[in-house]
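Asker: This is the structure I have questions about; it appears just below.
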2 protein chains.
Amino acid sequence: MAKVKMGPGYNIYPMPALLVGANVDGKPNFLTVAWGNIANAEPPMASVAIRASRHTRIGIEQNKTFSVNVPSTNLVKEVDYCGVASGSKVDKVKTCQFTVFYGKLGTAPLIEQCPVNLECSVQHSLELGSHTLYIGRIEEVHASSDCLIEGKLDLGKVKPLVFLAEPSRQYYAMGELQGKAYKIGLELKEKE
Amino acid sequence: MAKVKMGPGYNIYPMPALLVGANVDGKPNFLTVAWGNIANAEPPMASVAIRASRHTRIGIEQNKTFSVNVPSTNLVKEVDYCGVASGSKVDKVKTCQFTVFYGKLGTAPLIEQCPVNLECSVQHSLELGSHTLYIGRIEEVHASSDCLIEGKLDLGKVKPLVFLAEPSRQYYAMGELQGKAYKIGLELKEKE
């Protein structure tokens, strides 16, 4: 198979489409972030990369807390809007008609309409160039009760957005099941 | 909508299913990593979280380089296997029948069967507890020529794996298109 050199780029697939929240001067603001993930298991931590110019960054620096809200596919317009608009000019909470609540940290705004909400306290921040990588300890996770089955999150109900970045920049739903992790790979054990 | 406290967890959706590569004592080894993403735009950087006990980590420390290989759905068994098996005991490259090649860094092994391959040089490493978060500058991206249309990656050909972690731990394909980024959200501008 022939390979072609593409030059350095952002070619990791897929990415989540997360709404990262912070209180800026006491007012909740949310930013769409595709460059986030879990960073550590014990204790649970999450990382989010945020461009220096973004309004939400001011709030993270003020409170040393942030939220990560996982949206469902039905929020695709709101998700995209929060990446295009700036909280320095408009009230995104009002435009998107988000209902905001707070958890144990008190300063990390959470979106009720998102089925999963993480409250994070900043443990590290790394200035990498254009972006600051914030690493936050996940202090609490909130889930919408209608996305739970027997107390566990059901991902068919969460319906997370899948973001595919360069070059097409499109949002997708999750598709067909390909296999169960820690199980389907065991079939290769006999080839060892 | 009622919310339920779930306690701290790893509830970011979706995650990629990446094969992170390193040469351990000169021999290529690959590890499945769901906790990775882009970390910076200028210059392009990627982050991967790797548990301290993993064999691949030795190679990253030896060479200060690693690769990120993006698999297609047809590699789901190999991807899962590389997360279950350990390179300290078996030759994963042989079991998975991967064809390995090297790029400009020389020490970051790349998998020909994966449609997208990133070569990274370690810029930062953070010990967060159970995991080390490696942040690497993306020095080059290689793409399989049969996944390109007019020189650009076509994600319908790449067919990336989508990993949904807690609690179901399953691999999915990408599903239906939900909208174009930086466009579908503009419909909300009129509600500002």
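By order in the structure tokens, chains are A, B, ...; within a chain, residues start at 1; ligands start at 1, following the order shown.
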Got a sec: who's within 10 Å of Gln62 of chain B, counting only C-alpha atoms, leaving out chain neighbours fewer than 6 positions off, as a count of residues only?
Answerer: 6
Asker: Per DSSP on the backbone, filter segment 4-82 of chain B down to the residues in helix (DSSP H, G or I) and report them as an mmCIF file with N, CA, C and O atoms, in the first residue's frame.
Answerer:
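To be explicit, this is the file written out as states-v1.cif:
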```
data_model
loop_
_atom_site.group_PDB
_atom_site.id
_atom_site.type_symbol
_atom_site.label_atom_id
_atom_site.label_comp_id
_atom_site.auth_asym_id
_atom_site.auth_seq_id
_atom_site.Cartn_x
_atom_site.Cartn_y
_atom_site.Cartn_z
ATOM 1 N N HIS B 55 4.434 -1.891 28.276
ATOM 2 C CA HIS B 55 5.726 -2.167 27.634
ATOM 3 C C HIS B 55 6.123 -1.050 26.661
ATOM 4 O O HIS B 55 7.306 -0.672 26.579
ATOM 5 N N THR B 56 5.150 -0.507 25.946
ATOM 6 C CA THR B 56 5.404 0.549 24.959
ATOM 7 C C THR B 56 6.067 1.772 25.590
ATOM 8 O O THR B 56 6.860 2.471 24.956
ATOM 9 N N ARG B 57 5.741 1.998 26.854
ATOM 10 C CA ARG B 57 6.277 3.164 27.559
ATOM 11 C C ARG B 57 7.815 3.132 27.631
ATOM 12 O O ARG B 57 8.472 4.177 27.545
ATOM 13 N N ILE B 58 8.368 1.936 27.752
ATOM 14 C CA ILE B 58 9.828 1.796 27.803
ATOM 15 C C ILE B 58 10.439 2.358 26.518
ATOM 16 O O ILE B 58 11.427 3.090 26.542
ATOM 17 N N GLY B 59 9.814 2.017 25.393
ATOM 18 C CA GLY B 59 10.333 2.485 24.108
ATOM 19 C C GLY B 59 10.201 3.982 23.927
ATOM 20 O O GLY B 59 11.082 4.627 23.336
ATOM 21 N N ILE B 60 9.115 4.556 24.426
ATOM 22 C CA ILE B 60 8.955 6.017 24.323
ATOM 23 C C ILE B 60 10.045 6.710 25.130
ATOM 24 O O ILE B 60 10.641 7.690 24.684
ATOM 25 N N GLU B 61 10.343 6.176 26.307
ATOM 26 C CA GLU B 61 11.394 6.763 27.148
ATOM 27 C C GLU B 61 12.775 6.588 26.514
ATOM 28 O O GLU B 61 13.626 7.473 26.615
ATOM 29 N N GLN B 62 12.993 5.458 25.833
ATOM 30 C CA GLN B 62 14.303 5.198 25.204
ATOM 31 C C GLN B 62 14.584 6.149 24.045
ATOM 32 O O GLN B 62 15.697 6.651 23.891
ATOM 33 N N ASN B 63 13.553 6.392 23.230
ATOM 34 C CA ASN B 63 13.776 7.139 21.979
ATOM 35 C C ASN B 63 13.209 8.555 21.982
ATOM 36 O O ASN B 63 13.518 9.340 21.095
ATOM 37 N N THR B 73 -12.061 0.309 10.597
ATOM 38 C CA THR B 73 -12.935 -0.670 11.256
ATOM 39 C C THR B 73 -12.518 -2.118 10.957
ATOM 40 O O THR B 73 -12.721 -2.995 11.790
ATOM 41 N N ASN B 74 -11.908 -2.366 9.803
ATOM 42 C CA ASN B 74 -11.536 -3.753 9.478
ATOM 43 C C ASN B 74 -10.411 -4.286 10.369
ATOM 44 O O ASN B 74 -10.114 -5.474 10.350
ATOM 45 N N LEU B 75 -9.784 -3.407 11.165
ATOM 46 C CA LEU B 75 -8.711 -3.827 12.072
ATOM 47 C C LEU B 75 -9.194 -3.962 13.518
ATOM 48 O O LEU B 75 -8.376 -3.969 14.442
ATOM 49 N N VAL B 76 -10.507 -4.072 13.718
ATOM 50 C CA VAL B 76 -11.016 -4.040 15.098
ATOM 51 C C VAL B 76 -10.436 -5.157 15.970
ATOM 52 O O VAL B 76 -10.133 -4.923 17.149
ATOM 53 N N LYS B 77 -10.236 -6.322 15.424
ATOM 54 C CA LYS B 77 -9.665 -7.412 16.224
ATOM 55 C C LYS B 77 -8.223 -7.103 16.631
ATOM 56 O O LYS B 77 -7.831 -7.315 17.775
ATOM 57 N N GLU B 78 -7.450 -6.607 15.674
ATOM 58 C CA GLU B 78 -6.057 -6.271 15.949
ATOM 59 C C GLU B 78 -5.968 -5.153 16.986
ATOM 60 O O GLU B 78 -5.116 -5.178 17.881
ATOM 61 N N VAL B 79 -6.848 -4.162 16.853
ATOM 62 C CA VAL B 79 -6.860 -3.045 17.802
ATOM 63 C C VAL B 79 -7.145 -3.558 19.205
ATOM 64 O O VAL B 79 -6.452 -3.209 20.167
ATOM 65 N N ASP B 80 -8.149 -4.386 19.335
ATOM 66 C CA ASP B 80 -8.501 -4.895 20.659
ATOM 67 C C ASP B 80 -7.388 -5.780 21.219
ATOM 68 O O ASP B 80 -7.033 -5.670 22.401
ATOM 69 N N TYR B 81 -6.824 -6.595 20.355
ATOM 70 C CA TYR B 81 -5.743 -7.496 20.780
ATOM 71 C C TYR B 81 -4.550 -6.706 21.343
ATOM 72 O O TYR B 81 -3.974 -7.074 22.374
ATOM 73 N N CYS B 82 -4.188 -5.614 20.685
ATOM 74 C CA CYS B 82 -3.029 -4.814 21.117
ATOM 75 C C CYS B 82 -3.258 -4.115 22.455
ATOM 76 O O CYS B 82 -2.320 -3.618 23.071
#
```
Asker: Taking only C-alpha atoms into account, name the residue in A:Ser130, A:Asn69, A:Ser125, A:Gln97 that is nearest to chain B.
Answerer: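 Checking each of A:Ser130, A:Asn69, A:Ser125, A:Gln97 against chain B, counting only C-alpha atoms, the winner is A:Ser130.
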Asker: Of the candidates A:Thr99, A:Gln170, A:Thr132, A:Ser53, which one gets nearest to chain B if we count only C-alpha atoms?
Answerer: A:Gln170
Asker: List the neighbours of Leu161 of chain A out to 7 Å using only C-alpha atoms; skip same-chain residues closer than 2 positions along the sequence, and give me the result as a VMD selection string.
Answerer: chain A and resid 16 to 17 71 to 73 159 163 171 to 173
Asker: Restricting the output to C-alpha atoms, write the selected residues as a PDB file, in the first residue's frame.
Answerer:
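New file out.pdb:
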```pdb
ATOM      1  CA  PRO A  16     -15.576  14.145  20.696  1.00  0.00           C
ATOM      2  CA  ALA A  17     -17.548  17.391  20.433  1.00  0.00           C
ATOM      3  CA  PRO A  71     -23.891  16.622  24.169  1.00  0.00           C
ATOM      4  CA  SER A  72     -26.280  14.339  22.298  1.00  0.00           C
ATOM      5  CA  THR A  73     -26.810  14.470  18.547  1.00  0.00           C
ATOM      6  CA  LYS A 159     -26.283   9.385  21.554  1.00  0.00           C
ATOM      7  CA  PHE A 163     -16.538  14.782  15.299  1.00  0.00           C
ATOM      8  CA  TYR A 171     -20.423  15.810  12.963  1.00  0.00           C
ATOM      9  CA  TYR A 172     -21.666  12.229  12.882  1.00  0.00           C
ATOM     10  CA  ALA A 173     -23.747   9.921  15.031  1.00  0.00           C
TER      11      ALA A 173
END
```
